[in-house]
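So the structure is just underneath, and the comments pick up after that.
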Amino acid sequence: MQTHFTPEQLENPAISRADKILRACVHCGFCTATCPTYQVLGDELDSPRGRIYLIKDMLEEGRAADTRTVQHVDRCLSCLACVSTCPSGVDYMHLVDLARAHIEETYQRPLVDRLLRWALARILPYPNRFRLAIYAARLARPLQSVLPVKLRALMAFAPDSLPPVSRNDDPQVFPAIGPRKRRVALMTGCAQRALNTDINDATIRILRRAGCDVVIAKGAGCCGALTHHMGKTDESHRTAAKNIRAWCAEIDGAGLDAVVINTSGCGTTLKDYGYMFQDSPLAADAARASALACDISELLADLHLPPGGAAPLRVAYHSACSLQHGQQIKTLPKDLLRKAGFEVVEPADPHLCCGSAGTYNLLQPKIANQLKARKIATLGATEPAVIAAGNIGCMIQIGSGTDTPVVHTVELLDWATGGPKPRALSQNQGQTPPKPQDFPEMHQ
């Protein structure tokens with residue numbers, strides 16, 4: 001693709017990087033075949049190729065974002081299926097991130113939109129605030145019919161119950177059971193700590209049994225993805241910087257072999273810290289933290305877990321976009337589940353998004369619900385006993401539309417190798433559980 005940025009524009013490092021990305025695009029249209037919004041809406045401007053044209057025009061002219069451009073960029077899920085499909089290697093992820101930051105700086109959104117985005121940025125990354133907001137949303141449900149559509153989506157998102165706060169998410173070190181093989185930091189996340197504490201608990205248990213000291217680093221928290229994908233660069237960088245400093249303190253202290261993530265949306269962002277901070281004084285430390293980042297499935301595969309004792313439970317595996325496209329991890333979770341003894345099946349559309357996409361199901365509920373319905377239909381067609389995923393957003397999105405239990409992949413692996421039965425499965429009868437092995441209680 002030809003570009004026409006001026007020499008003065010190209011002095012801006014962000015514009016210079018955008019220019020290189022745009023020049024890689026050859027207009028081939030392969031991206032349209034796997035773009036969820038193009039498939040749902042059928043509009044060229046709601047495909048990656050169409051958005052690239054809009055972004056190019058906006059940046060080349062150096063103008064403020066207009067309503068048309070904002071509408072189509074906002075509809076992008078950042079599922080990154082286009083990145084997996086593109087034969088030219090177009091770095092769409094960083095281009096759309098730049099466009100969102102430009103929109104945030106130059107475009108005045110309608111009042112309800114501004115208020116909603118402000119609230120999401122100040123609630124979701126903070127587990128205690130998030131819990132309070134969920135309780136408040138429950139109280140406000142009688143008012144749903146008079147609220148704007150996007151606020152009704154917030155009401156619907158609030159679960160009927162929340163788990164107790166897990167003290168395992170507090171800063172501490174869980175020692176390895178038996179000889180120590182690794183010392184790893186666990187990213188505990190933000191929304192996950194409010195919505196499902198079992199995921200971190202299961203991760204800690206299985207890693208300890210596999211010979212890892214598990215560190216919950218003081219000062220680490222939200223990865224910054226939620227605000228980053230809303231174009232709120234300063235906020236996302238402040239959040240990410242806290243993580244970088246917390247983990248580098250551990251690296252420089254007792255040392256770390258990995259920073260492990262069990263929420264794939266966070267993992268994609270954390271692995272990108274080196275890029276995000278390349279023009280910052282924190283560049284070197286950000287690169288160090290990014291280099292250690294790995295998904296829980298990568299670490300467990302590297303630790304060579306013994307075969308599990310699972311019963312032949314039929315598991316439909318949902319491959320989160322941030323895992324299969326953002327991190328290019330496509331087979332490891334399925335391989336681990338099969339090795340643990342589960343029967344693994346996949347939906348007919350494994351590459352397509354469920355519609356969660358961070359805050360997308362709250363900001364674009366109509367499109368998100370269409371995608372959710374399609375994903376649930378194809379998952380249901382596999383007739384599973386349980387659905388497994390590696391991302392809390394996908395779990396909540398899919399779980400809101402099906403009676404089939406939805407659990408994190410690591411919960412099943414923990415269960416098959418000695419941990420307790422996942423709570424979601426314990427609430428469903430008729431399945432023969434794996435025989436648990438004896439294992440020491442978690443260090444509190």
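Naming works like this for the structure tokens: A, B, ... for the chains as they're shown, residue 1 at the start of each chain, ligands 1 onward in shown order.
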Open item on the list: With only C-alpha atoms as the counted atoms, please give the residues lying no more than 8 Å from Lys421 of chain A, apart from itself and same-chain residues fewer than 4 positions off, as an NGL selection string.
Closed with: :A and (411-412 or 415 or 425-426 or 433)
For the residues in the current selection, export N, CA and C atoms as a PDB file, in the first residue's frame.
ATOM      1  N   GLU A 411      -8.141 -25.559  35.481  1.00  0.00           N
ATOM      2  CA  GLU A 411      -8.944 -26.229  36.501  1.00  0.00           C
ATOM      3  C   GLU A 411      -9.079 -27.716  36.191  1.00  0.00           C
ATOM      4  N   LEU A 412      -9.278 -28.051  34.912  1.00  0.00           N
ATOM      5  CA  LEU A 412      -9.372 -29.460  34.528  1.00  0.00           C
ATOM      6  C   LEU A 412      -8.033 -30.169  34.701  1.00  0.00           C
ATOM      7  N   TRP A 415      -7.406 -30.770  38.375  1.00  0.00           N
ATOM      8  CA  TRP A 415      -8.267 -31.858  38.844  1.00  0.00           C
ATOM      9  C   TRP A 415      -7.700 -33.222  38.433  1.00  0.00           C
ATOM     10  N   LEU A 425     -18.249 -28.058  37.786  1.00  0.00           N
ATOM     11  CA  LEU A 425     -18.603 -29.454  37.552  1.00  0.00           C
ATOM     12  C   LEU A 425     -19.256 -30.077  38.776  1.00  0.00           C
ATOM     13  N   SER A 426     -18.863 -29.639  39.946  1.00  0.00           N
ATOM     14  CA  SER A 426     -19.446 -30.168  41.180  1.00  0.00           C
ATOM     15  C   SER A 426     -20.927 -29.842  41.271  1.00  0.00           C
ATOM     16  N   PRO A 433     -16.002 -38.469  38.106  1.00  0.00           N
ATOM     17  CA  PRO A 433     -14.829 -37.610  38.259  1.00  0.00           C
ATOM     18  C   PRO A 433     -13.533 -38.400  38.181  1.00  0.00           C
TER      19      PRO A 433
END
Open item on the list: So that I can check the surroundings of Tyr107 of chain A, please list as a list in words every protein, DNA and RNA residue that reaches within 8 Å of it, counting only C-alpha atoms and ignoring chain neighbours fewer than 5 positions away.
Closed with: Ala64, Ala65 and Asp66 of chain A
Task: Every residue of segment 193-401 of chain A that DSSP places in strand (DSSP E), as a VMD selection string - done: chain A and resid 212 to 216 258 to 261 293 to 295 314 to 317 343 to 345 386 to 389
Task: Distance criterion (only C-alpha atoms): nearest to Ala81 of chain A out of A:Leu371, A:Cys190, A:Cys353, A:Leu124 - done: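 Nearest candidate to Ala81 of chain A out of A:Leu371, A:Cys190, A:Cys353, A:Leu124: A:Cys353.
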- [ ] For each of A:Met276, A:Ile376, A:Val184, A:Cys394, take the minimum atom-to-atom distance to Leu207 of chain A, counting only C-alpha atoms, then give the residue where this is smallest.
- [x]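 Once distances to Leu207 of chain A are computed over only C-alpha atoms, the minimum belongs to A:Val184.
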- [ ] Would you please work out which residue, of A:Thr331, A:Thr263, A:Thr359, A:Gln2, is nearest to Ala121 of chain A when using only C-alpha atoms?
- [x]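 Counting only C-alpha atoms, the residue closest to Ala121 of chain A is A:Thr359.
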TODO: Could you give me, as a ChimeraX atom specification, each residue of segment 180-371 of chain A that DSSP assigns to alpha helix (DSSP H) when run on this structure's backbone?
DONE: /A:191-195,198-209,225-228,233-252,264-270,273-276,283-292,296-302,321-324,332-339,360-363,365-371
Task: Distance criterion (only C-alpha atoms): nearest to Val112 of chain A out of A:Ser47, A:Ala258, A:Leu363, A:Gly42 - done: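 Closest to Val112 of chain A, using only C-alpha atoms: A:Leu363.
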Open item on the list: Need the shell around Trp247 of chain A: protein/DNA/RNA residues with any atom at most 7 Å away, counting only C-alpha atoms. Skip same-chain ones fewer than 3 positions apart. Format as JSON, numbers by chain?
Closed with: {"A": [217, 243, 244, 250, 251, 289]}
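Atom CA of Thr417 of chain A sits 7.4 Å away from atom CA of Ala340 of chain A.
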Open item on the list: Neighbouring residues of Ile396 of chain A were defined as those with any atom within 10 Å, considering only C-alpha atoms; residues of the same chain fewer than 4 positions away were excluded. Please report them as number ranges by chain.
Closed with: A: 157-159, 195-196, 356, 391-392, 400-401, 406-407
Task: Proximity to Gly29 of chain A - best of A:Met58, A:Cys82, A:Ala320, A:Leu270, only C-alpha atoms - done: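 Result for the nearest residue to Gly29 of chain A: A:Cys82.
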Open item on the list: If we count only C-alpha atoms and set the cut-off at 12 Å, which residues sit around Arg117 of chain A, ignoring sequence neighbours fewer than 2 positions away in its own chain? Please answer as a ChimeraX atom specification.
Closed with: /A:104,109-115,119-124,150-151,154,226-232,359-360,362-364
Task: Closest of A:Thr233, A:Asn12, A:Ser290, A:Ser166 to Cys248 of chain A - atom-to-atom distances counting only C-alpha atoms - done: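 Closest to Cys248 of chain A, using only C-alpha atoms: A:Ser290.
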Using only C-alpha atoms, find each residue in segment 126-237 of chain A having at least one atom no more than 9 Å away from segment 296-316 of chain A; report its shortest atom-to-atom pair and that distance in Å (one decimal), rows by chain then rising number, as JSON lines.
{"residue": "A:Lys181", "atom": "CA", "partner": "A:Leu303", "partner_atom": "CA", "distance": 8.6}
{"residue": "A:Thr203", "atom": "CA", "partner": "A:Ile296", "partner_atom": "CA", "distance": 7.8}
{"residue": "A:Ile206", "atom": "CA", "partner": "A:Leu300", "partner_atom": "CA", "distance": 8.8}
{"residue": "A:Leu207", "atom": "CA", "partner": "A:Leu300", "partner_atom": "CA", "distance": 7.8}
{"residue": "A:Ala210", "atom": "CA", "partner": "A:Leu303", "partner_atom": "CA", "distance": 6.9}
{"residue": "A:Gly211", "atom": "CA", "partner": "A:Leu303", "partner_atom": "CA", "distance": 8.6}
